[in-house]
>>> print(open('coords_2.txt').read())   # compact mmCIF, C-alpha atoms
# COMPACT_ATOMS: atom_id res chain seq x y z
CA MET A 1 -2.78 8.52 11.79
CA LYS A 2 -1.32 5.23 10.62
CA ARG A 3 -0.18 3.09 13.50
CA SER A 4 3.54 2.29 13.52
CA LEU A 5 4.19 -1.21 14.84
CA ALA A 6 7.49 -1.83 16.57
CA VAL A 7 9.49 -4.81 15.33
CA PRO A 8 9.51 -7.47 18.09
CA THR A 9 12.54 -9.23 19.39
CA ALA A 10 13.02 -12.85 18.41
CA GLY A 11 11.48 -14.08 21.67
CA ALA A 12 8.59 -11.69 21.53
CA ALA A 13 7.64 -12.71 18.01
CA ALA A 14 6.44 -16.08 19.26
CA VAL A 15 4.03 -14.64 21.81
CA MET A 16 2.87 -11.49 20.12
CA LEU A 17 -0.85 -11.86 19.55
CA LEU A 18 -2.40 -8.59 18.49
CA ALA A 19 -6.16 -8.40 18.83
CA LEU A 20 -8.25 -8.81 15.72
CA THR A 21 -12.03 -8.54 15.95
CA ALA A 22 -13.65 -11.05 13.65
CA ALA A 23 -17.38 -11.61 13.55
CA CYS A 24 -19.89 -11.60 10.80
CA SER A 25 -23.65 -11.61 11.08
CA SER A 26 -25.02 -10.26 7.81
CA SER A 27 -26.32 -12.24 4.88
CA SER A 28 -25.49 -11.80 1.21
CA SER A 29 -26.97 -12.52 -2.18
CA THR A 30 -25.17 -13.09 -5.47
CA SER A 31 -25.59 -11.06 -8.63
CA ALA A 32 -23.71 -10.53 -11.89
CA ALA A 33 -21.81 -7.37 -12.71
CA SER A 34 -20.63 -5.90 -15.96
CA GLY A 35 -17.03 -5.13 -16.82
CA GLY A 36 -15.91 -6.46 -20.19
CA SER A 37 -14.36 -9.88 -19.90
CA THR A 38 -14.12 -9.58 -16.13
CA THR A 39 -16.02 -12.06 -14.01
CA THR A 40 -17.40 -10.52 -10.84
CA SER A 41 -19.43 -11.57 -7.85
CA GLY A 42 -21.80 -9.27 -6.02
CA SER A 43 -23.83 -8.98 -2.83
CA THR A 44 -26.03 -6.39 -1.20
CA THR A 45 -26.74 -5.71 2.46
CA GLY A 46 -28.14 -3.01 4.69
CA ALA A 47 -31.57 -1.52 5.29
CA SER A 48 -32.56 2.09 5.74
CA THR A 49 -34.06 3.13 9.06
CA GLY A 50 -35.33 6.34 7.53
CA GLY A 51 -33.69 9.47 6.22
CA THR A 52 -30.82 9.33 3.76
CA THR A 53 -29.66 5.92 2.57
CA TYR A 54 -26.08 5.76 1.32
CA LYS A 55 -25.13 3.38 -1.46
CA MET A 56 -21.61 1.96 -1.40
CA THR A 57 -19.74 -0.51 -3.60
CA PHE A 58 -16.84 -2.57 -2.33
CA ILE A 59 -14.51 -3.51 -5.20
CA GLN A 60 -12.26 -6.36 -4.09
CA GLY A 61 -8.71 -6.85 -5.27
CA VAL A 62 -9.80 -10.31 -6.44
CA ALA A 63 -13.10 -12.11 -5.96
CA GLY A 64 -13.27 -15.16 -3.70
CA ASP A 65 -10.05 -14.52 -1.78
CA GLY A 66 -10.55 -15.14 1.95
CA PHE A 67 -8.90 -11.85 2.88
CA TYR A 68 -11.41 -9.86 0.84
CA VAL A 69 -14.30 -12.14 1.83
CA THR A 70 -13.50 -11.36 5.48
CA MET A 71 -13.21 -7.66 4.70
CA GLY A 72 -16.59 -7.83 2.98
CA CYS A 73 -18.06 -9.45 6.08
CA GLY A 74 -16.88 -6.49 8.13
CA ILE A 75 -18.27 -4.04 5.59
CA GLN A 76 -21.65 -5.77 5.52
CA ALA A 77 -21.86 -6.02 9.29
CA GLU A 78 -21.08 -2.33 9.73
CA ALA A 79 -23.64 -1.39 7.07
CA LYS A 80 -26.27 -3.46 8.87
CA LYS A 81 -25.31 -1.88 12.19
CA LEU A 82 -25.67 1.66 10.83
CA GLY A 83 -28.97 0.80 9.16
CA ASN A 84 -28.87 3.41 6.40
CA VAL A 85 -26.07 2.00 4.24
CA THR A 86 -26.43 -0.51 1.39
CA VAL A 87 -23.38 -2.30 0.03
CA ASN A 88 -22.74 -4.04 -3.28
CA ILE A 89 -19.63 -6.25 -3.55
CA GLN A 90 -17.78 -6.93 -6.80
CA GLY A 91 -14.31 -8.09 -7.78
CA PRO A 92 -12.26 -9.33 -10.75
CA SER A 93 -11.50 -13.00 -11.24
CA GLN A 94 -7.76 -12.26 -10.97
CA PHE A 95 -5.70 -9.60 -9.22
CA ASP A 96 -5.21 -7.61 -12.41
CA PRO A 97 -5.92 -3.93 -13.13
CA THR A 98 -6.97 -4.72 -16.70
CA LEU A 99 -9.80 -6.77 -15.19
CA GLN A 100 -10.55 -4.48 -12.26
CA ASN A 101 -10.58 -1.17 -14.13
CA PRO A 102 -13.69 -1.98 -16.21
CA ILE A 103 -15.48 -2.76 -12.95
CA ILE A 104 -14.45 0.63 -11.55
CA GLU A 105 -15.78 2.32 -14.68
CA SER A 106 -19.06 0.38 -14.53
CA VAL A 107 -19.55 1.18 -10.86
CA THR A 108 -18.75 4.85 -11.48
CA ALA A 109 -21.44 4.95 -14.17
CA ALA A 110 -23.95 3.64 -11.60
CA HIS A 111 -22.86 6.52 -9.31
CA PRO A 112 -22.95 5.11 -5.77
CA ASN A 113 -22.25 7.50 -2.93
CA ALA A 114 -18.94 5.80 -2.13
CA ILE A 115 -16.50 3.24 -3.51
CA LEU A 116 -14.44 1.15 -1.12
CA ILE A 117 -11.62 -0.40 -3.15
CA ALA A 118 -8.41 -2.39 -3.02
CA PRO A 119 -6.62 -1.05 -6.14
CA ASP A 120 -4.89 -3.74 -8.18
CA ASP A 121 -2.02 -1.49 -9.26
CA VAL A 122 -0.42 1.59 -7.72
CA SER A 123 -0.45 3.46 -11.06
CA ALA A 124 -2.85 1.77 -13.49
CA SER A 125 -5.75 1.99 -11.04
CA ARG A 126 -5.41 5.74 -10.61
CA PRO A 127 -7.17 7.03 -13.80
CA PRO A 128 -10.54 5.30 -13.30
CA LEU A 129 -10.53 6.13 -9.60
CA ALA A 130 -9.69 9.76 -10.35
CA ALA A 131 -12.69 9.78 -12.70
CA ALA A 132 -14.88 8.42 -9.90
CA MET A 133 -13.67 11.15 -7.55
CA SER A 134 -14.31 13.78 -10.21
CA ALA A 135 -17.87 12.46 -10.46
CA GLY A 136 -18.39 13.25 -6.79
CA ILE A 137 -18.04 9.69 -5.48
CA LYS A 138 -16.21 9.29 -2.18
CA VAL A 139 -13.34 6.81 -2.52
CA VAL A 140 -11.85 4.86 0.39
CA LEU A 141 -8.68 2.83 -0.32
CA VAL A 142 -8.56 -0.45 1.58
CA ASP A 143 -5.58 -2.80 1.86
CA THR A 144 -3.70 -1.67 -1.26
CA THR A 145 -3.22 1.96 -2.24
CA LEU A 146 -2.01 4.21 -5.07
CA SER A 147 1.23 6.02 -5.78
CA ASP A 148 -0.96 9.14 -5.89
CA PRO A 149 -3.79 8.66 -3.38
CA SER A 150 -4.82 12.33 -3.47
CA GLY A 151 -8.55 12.82 -3.30
CA ALA A 152 -9.23 9.60 -1.44
CA VAL A 153 -11.17 9.92 1.80
CA SER A 154 -8.91 7.53 3.71
CA GLN A 155 -6.29 4.81 3.29
CA ILE A 156 -6.90 1.82 5.58
CA SER A 157 -4.48 -1.08 5.71
CA SER A 158 -2.02 -3.06 7.74
CA ASP A 159 1.41 -1.54 8.25
CA ASN A 160 2.84 -3.88 5.64
CA THR A 161 6.44 -2.74 6.08
CA ALA A 162 6.21 -3.68 9.75
CA GLY A 163 4.51 -6.92 8.70
CA GLY A 164 7.55 -7.87 6.64
CA ALA A 165 9.77 -7.14 9.62
CA PHE A 166 7.50 -9.33 11.78
CA ALA A 167 7.99 -12.14 9.26
CA PHE A 168 11.76 -11.86 9.59
CA ALA A 169 11.45 -11.86 13.39
CA ALA A 170 9.50 -15.12 13.14
CA ILE A 171 12.19 -16.70 10.94
CA LYS A 172 14.87 -15.44 13.31
CA GLN A 173 13.16 -17.22 16.16
CA LEU A 174 12.77 -20.40 14.14
CA VAL A 175 16.42 -20.36 12.98
CA PRO A 176 18.37 -18.40 15.64
CA GLY A 177 21.71 -19.48 14.22
CA GLY A 178 21.14 -17.50 11.02
CA GLY A 179 21.75 -18.31 7.38
CA GLN A 180 20.43 -17.30 3.97
CA VAL A 181 16.85 -16.03 3.64
CA LEU A 182 14.66 -15.56 0.57
CA VAL A 183 11.44 -13.72 -0.27
CA VAL A 184 8.90 -15.27 -2.63
CA ASN A 185 6.59 -12.46 -3.75
CA THR A 186 3.73 -12.08 -6.19
CA LYS A 187 4.77 -9.31 -8.64
CA PRO A 188 6.14 -5.76 -8.49
CA GLY A 189 3.77 -2.79 -8.41
CA ILE A 190 1.38 -3.94 -5.68
CA SER A 191 1.74 -1.57 -2.75
CA THR A 192 1.17 -4.07 0.05
CA THR A 193 3.48 -6.85 -1.10
CA ASP A 194 6.14 -4.35 -2.18
CA GLN A 195 6.12 -2.99 1.37
CA ARG A 196 6.23 -6.45 2.96
CA GLN A 197 9.25 -7.32 0.86
CA ALA A 198 10.99 -4.07 1.78
CA GLY A 199 10.30 -4.53 5.49
CA PHE A 200 11.64 -8.08 5.48
CA ALA A 201 14.72 -7.18 3.44
CA ALA A 202 15.61 -4.25 5.69
CA ALA A 203 15.29 -6.33 8.84
CA ALA A 204 17.30 -9.21 7.36
CA LYS A 205 20.09 -6.95 6.13
CA ALA A 206 20.37 -5.39 9.60
CA ASP A 207 21.14 -8.75 11.20
CA PRO A 208 24.71 -9.98 10.57
CA LYS A 209 23.71 -13.60 11.16
CA PHE A 210 21.52 -13.60 8.08
CA THR A 211 22.14 -13.09 4.38
CA TYR A 212 19.30 -11.83 2.22
CA VAL A 213 19.58 -13.54 -1.17
CA GLY A 214 16.84 -11.51 -2.83
CA THR A 215 13.27 -11.93 -4.08
CA GLN A 216 11.73 -14.30 -6.57
CA PHE A 217 8.42 -13.32 -8.19
CA ASP A 218 5.67 -15.82 -8.99
CA GLN A 219 3.06 -13.68 -10.81
CA ASP A 220 0.55 -14.65 -8.10
CA THR A 221 0.49 -18.33 -9.03
CA ALA A 222 1.37 -21.23 -6.74
CA SER A 223 2.85 -23.31 -9.58
CA LEU A 224 5.37 -20.62 -10.52
CA ALA A 225 6.12 -20.00 -6.84
CA ALA A 226 7.07 -23.67 -6.55
CA GLN A 227 9.35 -23.40 -9.58
CA VAL A 228 11.18 -20.27 -8.45
CA THR A 229 11.54 -21.63 -4.91
CA LEU A 230 13.06 -24.89 -6.16
CA ALA A 231 15.45 -22.99 -8.44
CA ALA A 232 16.48 -20.65 -5.62
CA LEU A 233 17.16 -23.58 -3.28
CA GLN A 234 19.34 -25.23 -5.92
CA LYS A 235 21.28 -22.00 -6.48
CA ASN A 236 21.52 -21.13 -2.76
CA PRO A 237 21.72 -24.43 -0.83
CA HIS A 238 22.19 -22.65 2.50
CA ILE A 239 18.76 -21.01 2.54
CA VAL A 240 17.23 -21.57 5.99
CA GLY A 241 14.12 -19.43 5.78
CA ILE A 242 11.61 -18.17 3.22
CA PHE A 243 9.13 -15.35 3.60
CA ALA A 244 6.15 -15.91 1.32
CA ALA A 245 4.37 -12.59 0.83
CA ASN A 246 0.86 -13.91 0.09
CA LEU A 247 -1.30 -17.04 -0.09
CA PHE A 248 -0.16 -18.39 -3.47
CA SER A 249 3.45 -17.62 -2.67
CA ALA A 250 3.18 -19.62 0.56
CA GLU A 251 1.49 -22.57 -1.15
CA GLY A 252 4.08 -22.65 -3.92
CA ALA A 253 7.05 -22.14 -1.61
CA ALA A 254 5.95 -25.11 0.47
CA THR A 255 5.74 -27.24 -2.67
CA GLY A 256 9.19 -26.08 -3.84
CA VAL A 257 10.74 -26.88 -0.47
CA ARG A 258 9.17 -30.33 -0.52
CA GLN A 259 10.40 -30.98 -4.08
CA ALA A 260 13.89 -29.98 -2.97
CA GLY A 261 13.73 -32.57 -0.19
CA LYS A 262 14.12 -29.88 2.47
CA SER A 263 10.79 -30.00 4.31
CA GLY A 264 11.41 -29.08 7.92
CA GLN A 265 14.90 -27.81 7.17
CA VAL A 266 13.80 -24.62 5.41
CA LYS A 267 11.34 -22.65 7.51
CA ILE A 268 8.49 -20.84 5.76
CA VAL A 269 6.65 -17.85 7.15
CA GLY A 270 3.54 -16.90 5.19
CA PHE A 271 1.40 -13.80 5.13
CA ASP A 272 -2.36 -13.96 5.77
CA ALA A 273 -4.46 -16.68 7.40
CA GLU A 274 -6.50 -18.34 4.69
CA PRO A 275 -7.97 -21.76 5.58
CA ASP A 276 -5.49 -23.49 3.24
CA GLU A 277 -2.61 -21.75 5.00
CA ILE A 278 -3.95 -22.90 8.37
CA THR A 279 -3.94 -26.46 7.03
CA ALA A 280 -0.33 -26.01 5.90
CA LEU A 281 0.52 -24.74 9.38
CA GLN A 282 -1.11 -27.78 10.98
CA GLN A 283 0.73 -30.10 8.60
CA GLY A 284 4.05 -28.40 9.31
CA THR A 285 4.77 -27.24 5.76
CA VAL A 286 4.48 -23.61 6.95
CA GLN A 287 5.83 -22.70 10.37
CA ALA A 288 4.21 -19.31 11.04
CA LEU A 289 1.59 -16.97 9.57
CA ILE A 290 1.28 -13.20 9.82
CA ALA A 291 -2.48 -12.60 9.92
CA GLN A 292 -3.92 -9.21 9.06
CA SER A 293 -7.19 -7.64 10.27
CA PRO A 294 -9.37 -7.50 7.13
CA TYR A 295 -12.64 -7.46 9.08
CA VAL A 296 -11.54 -4.33 10.96
CA ILE A 297 -10.36 -2.72 7.72
CA GLY A 298 -13.88 -3.26 6.37
CA THR A 299 -15.71 -1.72 9.32
CA ASN A 300 -13.36 1.26 9.32
CA ALA A 301 -13.91 1.78 5.59
CA VAL A 302 -17.67 2.10 5.98
CA ASP A 303 -17.26 4.48 8.91
CA GLN A 304 -14.82 6.70 7.01
CA ALA A 305 -17.07 6.82 3.96
CA VAL A 306 -20.11 7.75 6.07
CA ALA A 307 -18.10 10.44 7.86
CA ALA A 308 -17.10 11.95 4.51
CA LEU A 309 -20.67 11.80 3.20
CA THR A 310 -22.08 13.51 6.29
CA GLY A 311 -19.44 16.23 6.45
CA LYS A 312 -17.66 14.86 9.51
CA PRO A 313 -13.85 14.66 9.97
CA THR A 314 -12.11 11.68 8.39
CA THR A 315 -8.78 10.01 9.15
CA PRO A 316 -6.36 10.10 6.19
CA LYS A 317 -4.50 6.92 7.19
CA ILE A 318 -5.56 4.09 9.48
CA GLY A 319 -3.28 1.18 10.37
CA THR A 320 -4.57 -2.15 11.65
CA LYS A 321 -2.95 -4.90 13.70
CA PHE A 322 -1.43 -8.32 13.09
CA THR A 323 -1.71 -11.67 14.81
CA ILE A 324 1.28 -14.01 14.58
CA ILE A 325 -0.06 -17.56 14.36
CA THR A 326 2.05 -20.65 14.98
CA LYS A 327 1.10 -24.30 15.41
CA ALA A 328 1.72 -23.89 19.13
CA ASN A 329 -0.76 -21.03 19.61
CA LEU A 330 -3.27 -22.00 16.90
CA SER A 331 -5.92 -23.07 19.41
CA SER A 332 -5.86 -19.74 21.27
CA ALA A 333 -8.87 -17.44 21.01
CA ALA A 334 -6.82 -14.71 19.35
CA SER A 335 -5.48 -17.04 16.65
CA GLN A 336 -8.87 -18.60 15.97
CA ALA A 337 -10.43 -15.15 15.61
CA ALA A 338 -7.72 -14.15 13.13
CA ILE A 339 -8.41 -16.95 10.64
CA TYR A 340 -9.99 -15.60 7.46
CA LYS A 341 -13.51 -16.51 6.39
CA THR A 342 -14.78 -18.25 3.27
CA SER A 343 -18.27 -16.75 3.74
CA CYS A 344 -20.20 -14.58 6.13
>>> encode(input="coords_2.txt", output="structure tokens")
Amino acid sequence: MKRSLAVPTAGAAAVMLLALTAACSSSSSTSAASGGSTTTSGSTTGASTGGTTYKMTFIQGVAGDGFYVTMGCGIQAEAKKLGNVTVNIQGPSQFDPTLQNPIIESVTAAHPNAILIAPDDVSASRPPLAAAMSAGIKVVLVDTTLSDPSGAVSQISSDNTAGGAFAFAAIKQLVPGGGQVLVVNTKPGISTTDQRQAGFAAAAKADPKFTYVGTQFDQDTASLAAQVTLAALQKNPHIVGIFAANLFSAEGAATGVRQAGKSGQVKIVGFDAEPDEITALQQGTVQALIAQSPYVIGTNAVDQAVAALTGKPTTPKIGTKFTIITKANLSSAASQAAIYKTSC
């Protein structure tokens, strides 16, 4: 059952450090994958200890992103631990279903026992995944999901609605006097960021000290995020806080705030804990980060797939925890463990 995370009070948001296991001990090798014009990266891990060996493919939302790299580390480590699971990792060069879908089709043609996937669109990703399920392949949805997830073994992700509320709680602590708040998001139709936006908006609207001035979309590019942030600050000069729903949104929002001459005045809370975001936190351009648990999502995904393949009970929805990272607690063991990896 998906864990429901209670929204913390303003004071609690600063000290809430939710455990995230992060370790990676398996090695990887690179290979090319087919998929039209899509560029993919691949790796294989795991060794059979005898008996049935299960072949799995992890299809990332986008290749090279630290969130999915960390998730892949968890997947590889769990495969190595089990000993009879091999894993191939692929992903599109951009978070785009038109690039990811050909990879799904290619992987389906190779007929692994299971596909672990972060769908790039709630609707457009459904047809090729439905075809994979019809072919007898077990499908586990990780991070993102589908509008119609029927047939999937399990959905494993953060409680992104609660994550958005956590982001507002962090801004509330940073600016207790209130004011206007803005969301800078990637693009509509991605389940996770849609939920983060909704969670933040609901929490902001429930607090009379704050005025939610809406969401600006950046199409998952830092340059456009900077532009829309600058324009929003010019239109709404009383903005005191910005929630940036992903890495590129956070990078661009920080640039837009700096261009507006409001560094330090407008507080930015970002989502995820990529190395570049940690640098921004250290430099003071971002004041807080909401880190997810991608490693744990990865280990759970392998376990759920193996359970389905061996006829054991599976869990339809699994929620994972967050760690709220600030400059003040960055050196703590919990915060250091929550930082995403660039390799295993």
>>> residues_around(input="coords_2.txt", residues="segment 220-236 of chain A", least_positions_apart="2", cutoff="9 Å", atoms="all atoms listed in the file", output="PyMOL selection string")
chain A and resi 95+180+182+184-187+213+216-218+238-239+242+246-260
>>> atom_distance(input="coords_2.txt", atom1="atom CA of Asn160 of chain A", atom2="atom CA of Pro237 of chain A")
28.6 Å
>>> closest_residue(input="coords_2.txt", among="A:Thr342, A:Ser93, A:Gln292, A:Thr108", to="Gly136 of chain A", atoms="only C-alpha atoms")
A:Thr108
>>> residues_around(input="coords_2.txt", residues="Val107 of chain A", least_positions_apart="3", cutoff="12 Å", atoms="only C-alpha atoms", output="MDAnalysis selection string")
chainID A and resid 33:35 40 42 55:59 88:91 100:104 110:117 128:129 131:132 135 137 139
>>> residues_around(input="coords_2.txt", residues="Thr320 of chain A", least_positions_apart="6", cutoff="8 Å", atoms="only C-alpha atoms", output="PyMOL selection string")
chain A and resi 3+156-159+292-293+296-297
>>> atom_distance(input="coords_2.txt", atom1="atom CA of Thr52 of chain A", atom2="atom CA of Val85 of chain A")
8.7 Å
>>> axis_aligned_box(input="coords_2.txt", around="segment 61-66 of chain A", padding_each_side="8 Å", output="JSON")
{"center_x": -11.0, "center_y": -11.0, "center_z": -2.2, "size_x": 20.6, "size_y": 24.3, "size_z": 24.4}
>>> residues_around(input="coords_2.txt", residues="Arg196 of chain A", least_positions_apart="6", cutoff="12 Å", atoms="only C-alpha atoms", output="list in words")
Thr144, Ser158, Asp159, Asn160, Thr161, Ala162, Gly163, Gly164, Ala165, Phe166, Ala167, Phe168, Val183, Val184, Asn185, Thr186, Pro188, Ile190, Ala202, Ala203, Thr215, Phe243, Ala244, Ala245, Asn246, Gly270, Phe271, Asp272 and Ile290 of chain A
>>> closest_residue(input="coords_2.txt", among="A:Gln94, A:Ser106, A:Gln283, A:Thr192", to="Leu146 of chain A", atoms="all atoms listed in the file")
A:Thr192
>>> residues_near_point(input="coords_2.txt", point="(-5.6, 12.8, 3.2)", cutoff="9 Å", atoms="all atoms listed in the file", output="list of chain:residue names")
A:Pro149, A:Ser150, A:Gly151, A:Ala152, A:Val153, A:Ser154, A:Gln155, A:Thr314, A:Thr315, A:Pro316, A:Lys317
>>> write_last_selection(input="coords_2.txt", atoms="C-alpha atoms", output="short mmCIF file (atom, residue, chain, number, x, y, z; two decimals), keeping the file's coordinate frame")
data_model
loop_
_atom_site.label_atom_id
_atom_site.label_comp_id
_atom_site.auth_asym_id
_atom_site.auth_seq_id
_atom_site.Cartn_x
_atom_site.Cartn_y
_atom_site.Cartn_z
CA PRO A 149 -3.79 8.66 -3.38
CA SER A 150 -4.82 12.33 -3.47
CA GLY A 151 -8.55 12.82 -3.30
CA ALA A 152 -9.23 9.60 -1.44
CA VAL A 153 -11.17 9.92 1.80
CA SER A 154 -8.91 7.53 3.71
CA GLN A 155 -6.29 4.81 3.29
CA THR A 314 -12.11 11.68 8.39
CA THR A 315 -8.78 10.01 9.15
CA PRO A 316 -6.36 10.10 6.19
CA LYS A 317 -4.50 6.92 7.19
#
>>> closest_residue(input="coords_2.txt", among="A:Thr310, A:Gln265, A:Ser125, A:Thr211", to="Glu105 of chain A", atoms="all atoms listed in the file")
A:Ser125
>>> atom_distance(input="coords_2.txt", atom1="atom CA of Val142 of chain A", atom2="atom CA of Asp303 of chain A")
12.4 Å
>>> closest_residue(input="coords_2.txt", among="A:Ser191, A:Thr326, A:Thr279, A:Gln336", to="Asp143 of chain A", atoms="only C-alpha atoms")
A:Ser191
>>> closest_residue(input="coords_2.txt", among="A:Gln219, A:Lys81, A:Ile268, A:Gly179", to="Lys205 of chain A", atoms="only C-alpha atoms")
A:Gly179
>>> closest_residue(input="coords_2.txt", among="A:Pro92, A:Pro127, A:Pro275, A:Ala301", to="Ala338 of chain A", atoms="all atoms listed in the file")
A:Pro275
